[in-house]
$ cat run14.txt   # compact mmCIF, C-alpha atoms
# COMPACT_ATOMS: atom_id res chain seq x y z
CA MET A 55 0.00 0.00 0.00
CA VAL A 56 2.74 2.44 0.96
CA GLN A 57 4.77 1.63 -2.13
CA ARG A 58 1.73 2.27 -4.29
CA LEU A 59 1.02 5.59 -2.58
CA ARG A 60 4.63 6.67 -3.01
CA ALA A 61 4.54 5.70 -6.69
CA GLU A 62 1.37 7.75 -7.11
CA GLY A 63 3.07 10.83 -5.72
CA ALA A 64 2.45 10.78 -1.97
CA GLY A 65 5.65 12.45 -0.83
CA SER A 66 5.38 13.08 2.92
CA GLU A 67 7.83 10.62 4.42
CA PRO A 68 6.57 10.96 8.03
CA VAL A 69 3.04 10.16 6.81
CA LEU A 70 4.20 7.22 4.72
CA ALA A 71 6.17 5.87 7.68
CA ALA A 72 3.08 6.07 9.88
CA LEU A 73 0.98 4.32 7.24
CA ALA A 74 3.57 1.54 7.11
CA ALA A 75 3.53 1.19 10.90
CA VAL A 76 -0.23 0.94 11.50
CA PRO A 77 -1.93 -2.28 10.30
CA ARG A 78 -5.11 -1.10 8.56
CA HIS A 79 -6.68 -4.57 8.56
CA GLN A 80 -6.99 -4.46 12.34
CA PHE A 81 -9.45 -1.56 12.04
CA VAL A 82 -11.97 -3.17 9.67
CA ASP A 83 -14.31 -6.14 10.01
CA SER A 84 -12.58 -9.47 9.50
CA ALA A 85 -14.75 -10.11 6.43
CA LEU A 86 -13.20 -7.03 4.79
CA ALA A 87 -9.61 -7.65 5.88
CA ALA A 88 -8.59 -8.85 2.42
CA GLN A 89 -9.55 -5.40 1.05
CA ALA A 90 -7.86 -3.42 3.82
CA TYR A 91 -4.84 -2.40 1.74
CA GLU A 92 -6.73 -1.52 -1.41
CA ASP A 93 -7.25 2.17 -2.13
CA THR A 94 -10.92 2.15 -1.25
CA ALA A 95 -13.19 3.34 1.54
CA LEU A 96 -14.73 0.51 3.57
CA PRO A 97 -17.87 0.43 5.75
CA ILE A 98 -17.38 0.36 9.52
CA GLY A 99 -21.06 0.35 10.51
CA LEU A 100 -23.68 2.96 11.39
CA GLY A 101 -23.41 4.47 7.92
CA GLN A 102 -19.76 5.42 8.46
CA THR A 103 -16.60 4.48 6.55
CA ILE A 104 -12.86 4.23 6.94
CA SER A 105 -11.43 6.60 4.34
CA LYS A 106 -9.33 5.56 1.35
CA PRO A 107 -5.61 5.35 2.21
CA SER A 108 -4.79 7.87 -0.52
CA VAL A 109 -7.21 10.42 0.96
CA VAL A 110 -5.87 9.88 4.47
CA ALA A 111 -2.32 10.30 3.18
CA ARG A 112 -3.28 13.47 1.31
CA MET A 113 -4.98 15.09 4.29
CA LEU A 114 -2.17 14.27 6.68
CA ALA A 115 0.41 15.51 4.19
CA LEU A 116 -1.46 18.82 3.85
CA LEU A 117 -1.37 19.17 7.63
CA PHE A 118 2.39 18.61 7.55
CA GLU A 119 2.78 21.39 5.00
CA GLY A 120 1.54 23.88 7.59
CA ARG A 121 4.13 26.40 8.74
CA ASP A 122 4.70 25.10 12.26
CA ALA A 123 4.59 21.40 11.37
CA ALA A 124 7.01 21.86 8.48
CA ARG A 125 9.43 23.62 10.80
CA SER A 126 9.16 21.26 13.80
CA GLY A 127 8.55 17.92 12.06
CA SER A 128 5.54 17.30 14.32
CA LEU A 129 1.86 18.13 14.16
CA GLY A 130 2.00 19.21 17.81
CA ARG A 131 -1.34 19.14 19.61
CA VAL A 132 -4.03 17.75 17.29
CA LEU A 133 -7.83 17.66 17.37
CA GLU A 134 -9.44 14.96 15.24
CA VAL A 135 -13.19 15.19 14.63
CA GLY A 136 -14.69 11.81 13.81
CA THR A 137 -12.70 8.96 15.36
CA GLY A 138 -14.61 6.30 13.45
CA CYS A 139 -12.82 2.97 13.88
CA GLY A 140 -9.68 4.69 15.19
CA TYR A 141 -7.37 4.17 12.21
CA GLN A 142 -6.55 7.80 11.51
CA ALA A 143 -6.22 8.47 15.25
CA ALA A 144 -3.57 5.75 15.38
CA LEU A 145 -1.69 7.43 12.52
CA LEU A 146 -1.95 10.82 14.18
CA SER A 147 -0.55 9.41 17.42
CA LEU A 148 2.69 8.67 15.52
CA LEU A 149 2.82 12.13 13.96
CA ALA A 150 1.84 14.41 16.83
CA GLN A 151 2.79 15.18 20.40
CA HIS A 152 -0.77 14.81 21.65
CA VAL A 153 -4.06 13.81 19.97
CA ILE A 154 -7.62 14.43 21.10
CA SER A 155 -10.07 12.47 18.94
CA VAL A 156 -13.82 13.10 19.26
CA GLU A 157 -16.53 10.65 18.17
CA ARG A 158 -20.29 11.34 18.42
CA LEU A 159 -21.54 7.75 17.95
CA ARG A 160 -21.05 5.70 21.11
CA PRO A 161 -20.77 2.28 19.38
CA LEU A 162 -17.95 3.63 17.20
CA PHE A 163 -16.31 5.35 20.16
CA GLU A 164 -16.27 2.01 21.98
CA ARG A 165 -15.04 0.16 18.90
CA ALA A 166 -12.20 2.64 18.40
CA ARG A 167 -11.25 2.34 22.06
CA ASP A 168 -11.00 -1.44 21.66
CA ASN A 169 -9.10 -1.20 18.37
CA LEU A 170 -6.56 1.22 19.83
CA ALA A 171 -6.06 -0.53 23.17
CA SER A 172 -3.28 -2.78 21.91
CA LEU A 173 -1.29 0.19 20.57
CA ARG A 174 -1.00 1.70 24.07
CA ARG A 175 -0.36 5.22 22.82
CA ASP A 176 -0.11 7.46 25.86
CA ASN A 177 -0.42 10.60 23.73
CA LEU A 178 -3.87 9.68 22.37
CA ARG A 179 -7.15 10.43 24.15
CA LEU A 180 -10.58 9.49 22.85
CA VAL A 181 -13.58 11.66 23.72
CA TYR A 182 -17.26 10.79 23.28
CA GLY A 183 -18.97 14.01 22.29
CA ASP A 184 -20.20 16.40 19.61
CA GLY A 185 -17.27 17.04 17.30
CA ARG A 186 -18.79 20.21 15.88
CA LEU A 187 -18.04 21.78 19.26
CA GLY A 188 -14.39 20.75 19.08
CA HIS A 189 -12.93 20.08 22.52
CA ALA A 190 -12.30 23.31 24.37
CA PRO A 191 -10.64 21.87 27.51
CA ASN A 192 -7.50 20.96 25.54
CA ALA A 193 -7.46 23.89 23.14
CA PRO A 194 -5.71 25.56 21.46
CA TYR A 195 -4.64 23.05 18.81
CA ASP A 196 -1.78 23.18 16.34
CA ALA A 197 -3.72 21.07 13.84
CA ILE A 198 -7.37 20.12 13.36
CA ILE A 199 -8.57 17.41 10.99
CA CYS A 200 -12.13 16.31 10.28
CA ALA A 201 -13.28 13.00 8.79
CA ALA A 202 -16.81 14.11 7.82
CA GLY A 203 -18.11 16.70 5.39
CA GLY A 204 -20.14 19.66 6.57
CA GLU A 205 -21.80 22.67 5.01
CA ASP A 206 -19.31 24.94 6.74
CA VAL A 207 -16.45 24.99 9.23
CA PRO A 208 -17.89 25.28 12.75
CA PRO A 209 -16.83 28.50 14.52
CA ALA A 210 -15.67 26.48 17.53
CA TRP A 211 -12.92 24.89 15.45
CA LEU A 212 -11.61 28.25 14.29
CA GLU A 213 -11.64 29.58 17.83
CA GLN A 214 -9.71 26.55 19.07
CA MET A 215 -6.86 26.95 16.55
CA ALA A 216 -3.55 28.21 17.91
CA ILE A 217 -1.69 30.96 16.08
CA GLY A 218 0.22 29.14 13.34
CA ALA A 219 -2.25 26.23 13.32
CA ARG A 220 -3.65 24.50 10.25
CA LEU A 221 -7.09 22.94 9.79
CA ILE A 222 -8.17 20.55 7.06
CA ALA A 223 -11.72 19.36 6.45
CA PRO A 224 -14.08 18.35 3.64
CA THR A 225 -16.61 21.12 3.12
CA ARG A 226 -19.24 21.96 0.53
CA SER A 227 -17.69 23.70 -2.47
CA ASP A 228 -18.42 27.37 -3.11
CA ASP A 229 -20.63 26.50 -6.10
CA GLY A 230 -22.54 23.88 -4.08
CA SER A 231 -21.72 21.09 -6.50
CA GLY A 232 -20.07 18.79 -3.95
CA GLN A 233 -17.34 18.54 -1.35
CA VAL A 234 -13.77 19.79 -1.55
CA LEU A 235 -10.89 19.68 0.86
CA ILE A 236 -10.32 23.04 2.45
CA VAL A 237 -7.25 24.15 4.35
CA ILE A 238 -7.45 27.01 6.84
CA ASP A 239 -4.36 28.57 8.38
CA ARG A 240 -4.46 30.87 11.38
CA SER A 241 -1.96 33.67 11.76
CA ALA A 242 -1.76 36.65 14.09
CA ASP A 243 -3.72 38.56 11.44
CA GLY A 244 -6.61 36.10 11.19
CA TRP A 245 -7.54 33.09 9.06
CA SER A 246 -6.76 32.29 5.42
CA ARG A 247 -8.48 29.61 3.34
CA GLN A 248 -7.46 27.45 0.38
CA CYS A 249 -9.62 25.04 -1.61
CA HIS A 250 -8.20 21.78 -2.90
CA GLU A 251 -9.53 18.75 -4.77
CA ALA A 252 -13.01 17.26 -4.74
CA VAL A 253 -13.68 14.52 -2.17
CA ARG A 254 -16.60 12.51 -0.85
CA PHE A 255 -17.11 12.05 2.89
CA VAL A 256 -20.01 11.05 5.11
CA PRO A 257 -22.01 14.00 6.49
CA LEU A 258 -20.86 15.95 9.52
CA ARG A 259 -23.64 15.92 12.11
CA SER A 260 -24.30 17.55 15.45
CA GLY A 261 -25.10 15.94 18.76
CA THR A 262 -24.36 12.48 20.09
CA ALA A 263 -26.03 9.12 19.56
$ encode --input "run14.txt" --output "C-alpha cells"
Amino acid sequence: MVQRLRAEGAGSEPVLAALAAVPRHQFVDSALAAQAYEDTALPIGLGQTISKPSVVARMLALLFEGRDAARSGSLGRVLEVGTGCGYQAALLSLLAQHVISVERLRPLFERARDNLASLRRDNLRLVYGDGRLGHAPNAPYDAIICAAGGEDVPPAWLEQMAIGARLIAPTRSDDGSGQVLIVIDRSADGWSRQCHEAVRFVPLRSGTA
C-alpha cells in the first residue's frame, strides 16, 4: 500500500512511515480484511466508513505542509473530529505530540477504544462528544482534521486553533456542486483559506447518539 502511494506521488515521508507502521486490517471487520490495503473506503457500521488510504495520506500531508509542522517535524497538539474505527487516530498518534479524537456515535467510540487498546499510545485520548463543538478543555490546537463533510467549518474549530495552526476538512464547495478539501491557516492577522480537490465524505452531524 505504501509503495503504491509513493509511486502515485504521496511524498510526505513521516506520513508514509506512519501508514507503514499501522496495520489497517486491524481496524476493519474481518470479512473485509482482504480489502484493507486496497485504495478504497470501507464500511465500519452505522453508515460510516474508513477513508481511502490515498485520501488519508493526502490530508495528513497537507497538515504537515503547515508552517509550524514543516518547521518542527511534528503536528504538535491535534484535534481529530470523527474517530470512526480509530485508524486515523492511530496514525496521528505517531505524527503528533498529543491527539484528542472526538466521536459522536457511542458504538464507534467504543469500537475505536478497543481497536486502539493494543497500541497503548499514551499521547492519544478518545472523547465521546459532539465534534462540531471541538474540545475546548484541551485547546488551542496546532492542527485540526475532520473526517466528515459539513456545510461549513464550525466556529468552535476556528476559535480553538492556535496561532500558526492549520485545519483541514471536507466542506461543501463554493458553487454547491459537492465537497472539496479546504485548508485554513491561522496567523496573528486572522484566518486564510485554500480550496483543494473534490472529495466525498459522510455528512458531519451535530449531537451524540
$ closest_residue --input "run14.txt" --among "A:Gly65, A:Gly185, A:Gly218, A:Pro257" --to "Arg121 in chain A" --atoms "all atoms listed in the file"
A:Gly218
$ residues_around --input "run14.txt" --residues "Glu62 in chain A" --least-positions-apart "6" --cutoff "12 Å" --atoms "all atoms listed in the file" --output "VMD selection string"
chain A and resid 55 to 56 93 107 to 108 111 to 112
$ residues_around --input "run14.txt" --residues "Gln142 in chain A" --least-positions-apart "6" --cutoff "10 Å" --atoms "all atoms listed in the file" --output "list of chain:residue names"
A:Ala72, A:Leu73, A:Val76, A:Arg78, A:Phe81, A:Ile104, A:Ser105, A:Pro107, A:Val110, A:Ala111, A:Leu114, A:Glu134, A:Gly136, A:Ser155, A:Ile199, A:Ala201
$ residues_around --input "run14.txt" --residues "Phe255 in chain A" --least-positions-apart "3" --cutoff "10 Å" --atoms "all atoms listed in the file" --output "number ranges by chain"
A: 95, 102-105, 200-204, 223-225, 233-234, 258
$ write_last_selection --input "run14.txt" --atoms "C-alpha atoms" --output "mmCIF file, in the coordinates of the input"
data_model
loop_
_atom_site.group_PDB
_atom_site.id
_atom_site.type_symbol
_atom_site.label_atom_id
_atom_site.label_comp_id
_atom_site.auth_asym_id
_atom_site.auth_seq_id
_atom_site.Cartn_x
_atom_site.Cartn_y
_atom_site.Cartn_z
ATOM 1 C CA ALA A 95 -13.190 3.340 1.540
ATOM 2 C CA GLN A 102 -19.760 5.420 8.460
ATOM 3 C CA THR A 103 -16.600 4.480 6.550
ATOM 4 C CA ILE A 104 -12.860 4.230 6.940
ATOM 5 C CA SER A 105 -11.430 6.600 4.340
ATOM 6 C CA CYS A 200 -12.130 16.310 10.280
ATOM 7 C CA ALA A 201 -13.280 13.000 8.790
ATOM 8 C CA ALA A 202 -16.810 14.110 7.820
ATOM 9 C CA GLY A 203 -18.110 16.700 5.390
ATOM 10 C CA GLY A 204 -20.140 19.660 6.570
ATOM 11 C CA ALA A 223 -11.720 19.360 6.450
ATOM 12 C CA PRO A 224 -14.080 18.350 3.640
ATOM 13 C CA THR A 225 -16.610 21.120 3.120
ATOM 14 C CA GLN A 233 -17.340 18.540 -1.350
ATOM 15 C CA VAL A 234 -13.770 19.790 -1.550
ATOM 16 C CA LEU A 258 -20.860 15.950 9.520
#
$ closest_residue --input "run14.txt" --among "A:Pro161, A:Ala193, A:Ser147, A:Asn169" --to "His79 in chain A" --atoms "all atoms listed in the file"
A:Asn169
$ closest_residue --input "run14.txt" --among "A:Gly244, A:Gly63, A:Gly138, A:Gly99" --to "Ala219 in chain A" --atoms "only C-alpha atoms"
A:Gly244
$ atom_distance --input "run14.txt" --atom1 "CA of Arg226 in chain A" --atom2 "CA of Gln248 in chain A"
13.0 Å
$ atom_distance --input "run14.txt" --atom1 "CA of Gln214 in chain A" --atom2 "CA of Gly130 in chain A"
13.9 Å
$ residues_around --input "run14.txt" --residues "Glu213 in chain A" --least-positions-apart "6" --cutoff "12 Å" --atoms "all atoms listed in the file" --output "ChimeraX atom specification"
/A:186-190,193-196,198,207,219,221,239-240,244-245
$ closest_residue --input "run14.txt" --among "A:Leu146, A:Ala242, A:Ile236, A:Ala124" --to "Ala71 in chain A" --atoms "all atoms listed in the file"
A:Leu146
$ decode --input "run14.txt" --residues "range 122-163 of chain A" --atoms "N, CA and C atoms" --output "short mmCIF file (atom, residue, chain, number, x, y, z; two decimals), in the first residue's frame"
data_model
loop_
_atom_site.label_atom_id
_atom_site.label_comp_id
_atom_site.auth_asym_id
_atom_site.auth_seq_id
_atom_site.Cartn_x
_atom_site.Cartn_y
_atom_site.Cartn_z
N ASP A 122 4.09 25.59 11.03
CA ASP A 122 4.70 25.10 12.26
C ASP A 122 5.11 23.64 12.15
N ALA A 123 4.26 22.81 11.51
CA ALA A 123 4.59 21.40 11.37
C ALA A 123 5.80 21.21 10.47
N ALA A 124 5.87 21.97 9.39
CA ALA A 124 7.01 21.86 8.48
C ALA A 124 8.31 22.22 9.19
N ARG A 125 8.23 23.17 10.09
CA ARG A 125 9.43 23.62 10.80
C ARG A 125 9.83 22.62 11.89
N SER A 126 8.85 22.09 12.63
CA SER A 126 9.16 21.26 13.80
C SER A 126 9.22 19.77 13.49
N GLY A 127 8.61 19.34 12.37
CA GLY A 127 8.55 17.92 12.06
C GLY A 127 7.50 17.17 12.86
N SER A 128 6.62 17.90 13.53
CA SER A 128 5.54 17.30 14.32
C SER A 128 4.27 18.10 14.14
N LEU A 129 3.13 17.43 14.24
CA LEU A 129 1.86 18.13 14.16
C LEU A 129 1.49 18.79 15.49
N GLY A 130 2.27 18.56 16.53
CA GLY A 130 2.00 19.21 17.81
C GLY A 130 0.76 18.64 18.48
N ARG A 131 -0.09 19.54 18.95
CA ARG A 131 -1.34 19.14 19.61
C ARG A 131 -2.44 19.12 18.55
N VAL A 132 -3.09 17.96 18.39
CA VAL A 132 -4.03 17.75 17.29
C VAL A 132 -5.42 17.44 17.83
N LEU A 133 -6.43 18.03 17.17
CA LEU A 133 -7.83 17.66 17.37
C LEU A 133 -8.31 16.93 16.14
N GLU A 134 -8.81 15.71 16.33
CA GLU A 134 -9.44 14.96 15.24
C GLU A 134 -10.94 14.90 15.51
N VAL A 135 -11.73 15.27 14.54
CA VAL A 135 -13.19 15.19 14.63
C VAL A 135 -13.65 14.00 13.81
N GLY A 136 -14.23 13.02 14.48
CA GLY A 136 -14.69 11.81 13.81
C GLY A 136 -13.68 10.68 13.95
N THR A 137 -13.65 10.04 15.12
CA THR A 137 -12.70 8.96 15.36
C THR A 137 -12.97 7.76 14.47
N GLY A 138 -14.26 7.47 14.24
CA GLY A 138 -14.61 6.30 13.45
C GLY A 138 -14.08 5.04 14.12
N CYS A 139 -13.38 4.22 13.36
CA CYS A 139 -12.82 2.97 13.88
C CYS A 139 -11.48 3.17 14.56
N GLY A 140 -10.93 4.39 14.50
CA GLY A 140 -9.68 4.69 15.19
C GLY A 140 -8.44 4.65 14.34
N TYR A 141 -8.56 4.32 13.06
CA TYR A 141 -7.37 4.17 12.21
C TYR A 141 -6.59 5.47 12.07
N GLN A 142 -7.26 6.54 11.70
CA GLN A 142 -6.55 7.80 11.51
C GLN A 142 -6.00 8.32 12.84
N ALA A 143 -6.72 8.08 13.93
CA ALA A 143 -6.22 8.47 15.25
C ALA A 143 -4.91 7.76 15.56
N ALA A 144 -4.81 6.49 15.18
CA ALA A 144 -3.57 5.75 15.38
C ALA A 144 -2.43 6.37 14.58
N LEU A 145 -2.71 6.76 13.34
CA LEU A 145 -1.69 7.43 12.52
C LEU A 145 -1.27 8.74 13.15
N LEU A 146 -2.24 9.52 13.58
CA LEU A 146 -1.95 10.82 14.18
C LEU A 146 -1.10 10.67 15.44
N SER A 147 -1.31 9.60 16.19
CA SER A 147 -0.55 9.41 17.42
C SER A 147 0.94 9.22 17.14
N LEU A 148 1.29 8.82 15.92
CA LEU A 148 2.69 8.67 15.52
C LEU A 148 3.26 9.96 14.95
N LEU A 149 2.40 10.91 14.66
CA LEU A 149 2.82 12.13 13.96
C LEU A 149 2.73 13.37 14.83
N ALA A 150 2.14 13.25 15.99
CA ALA A 150 1.84 14.41 16.83
C ALA A 150 2.32 14.19 18.26
N GLN A 151 2.43 15.28 18.99
CA GLN A 151 2.79 15.18 20.40
C GLN A 151 1.61 14.71 21.24
N HIS A 152 0.42 15.18 20.89
CA HIS A 152 -0.77 14.81 21.65
C HIS A 152 -1.98 14.87 20.72
N VAL A 153 -2.88 13.90 20.84
CA VAL A 153 -4.06 13.81 19.97
C VAL A 153 -5.31 13.69 20.82
N ILE A 154 -6.27 14.55 20.55
CA ILE A 154 -7.62 14.43 21.10
C ILE A 154 -8.52 14.05 19.93
N SER A 155 -9.20 12.93 20.03
CA SER A 155 -10.07 12.47 18.94
C SER A 155 -11.50 12.33 19.46
N VAL A 156 -12.43 13.02 18.80
CA VAL A 156 -13.82 13.10 19.26
C VAL A 156 -14.73 12.30 18.34
N GLU A 157 -15.57 11.45 18.93
CA GLU A 157 -16.53 10.65 18.17
C GLU A 157 -17.92 10.83 18.79
N ARG A 158 -18.94 11.08 17.94
CA ARG A 158 -20.29 11.34 18.42
C ARG A 158 -21.15 10.09 18.55
N LEU A 159 -20.76 8.99 17.92
CA LEU A 159 -21.54 7.75 17.95
C LEU A 159 -20.92 6.79 18.96
N ARG A 160 -21.64 6.50 20.03
CA ARG A 160 -21.05 5.70 21.11
C ARG A 160 -20.56 4.33 20.64
N PRO A 161 -21.30 3.58 19.80
CA PRO A 161 -20.77 2.28 19.38
C PRO A 161 -19.42 2.39 18.66
N LEU A 162 -19.24 3.45 17.86
CA LEU A 162 -17.95 3.63 17.20
C LEU A 162 -16.88 4.08 18.19
N PHE A 163 -17.25 4.94 19.11
CA PHE A 163 -16.31 5.35 20.16
C PHE A 163 -15.78 4.11 20.90
#
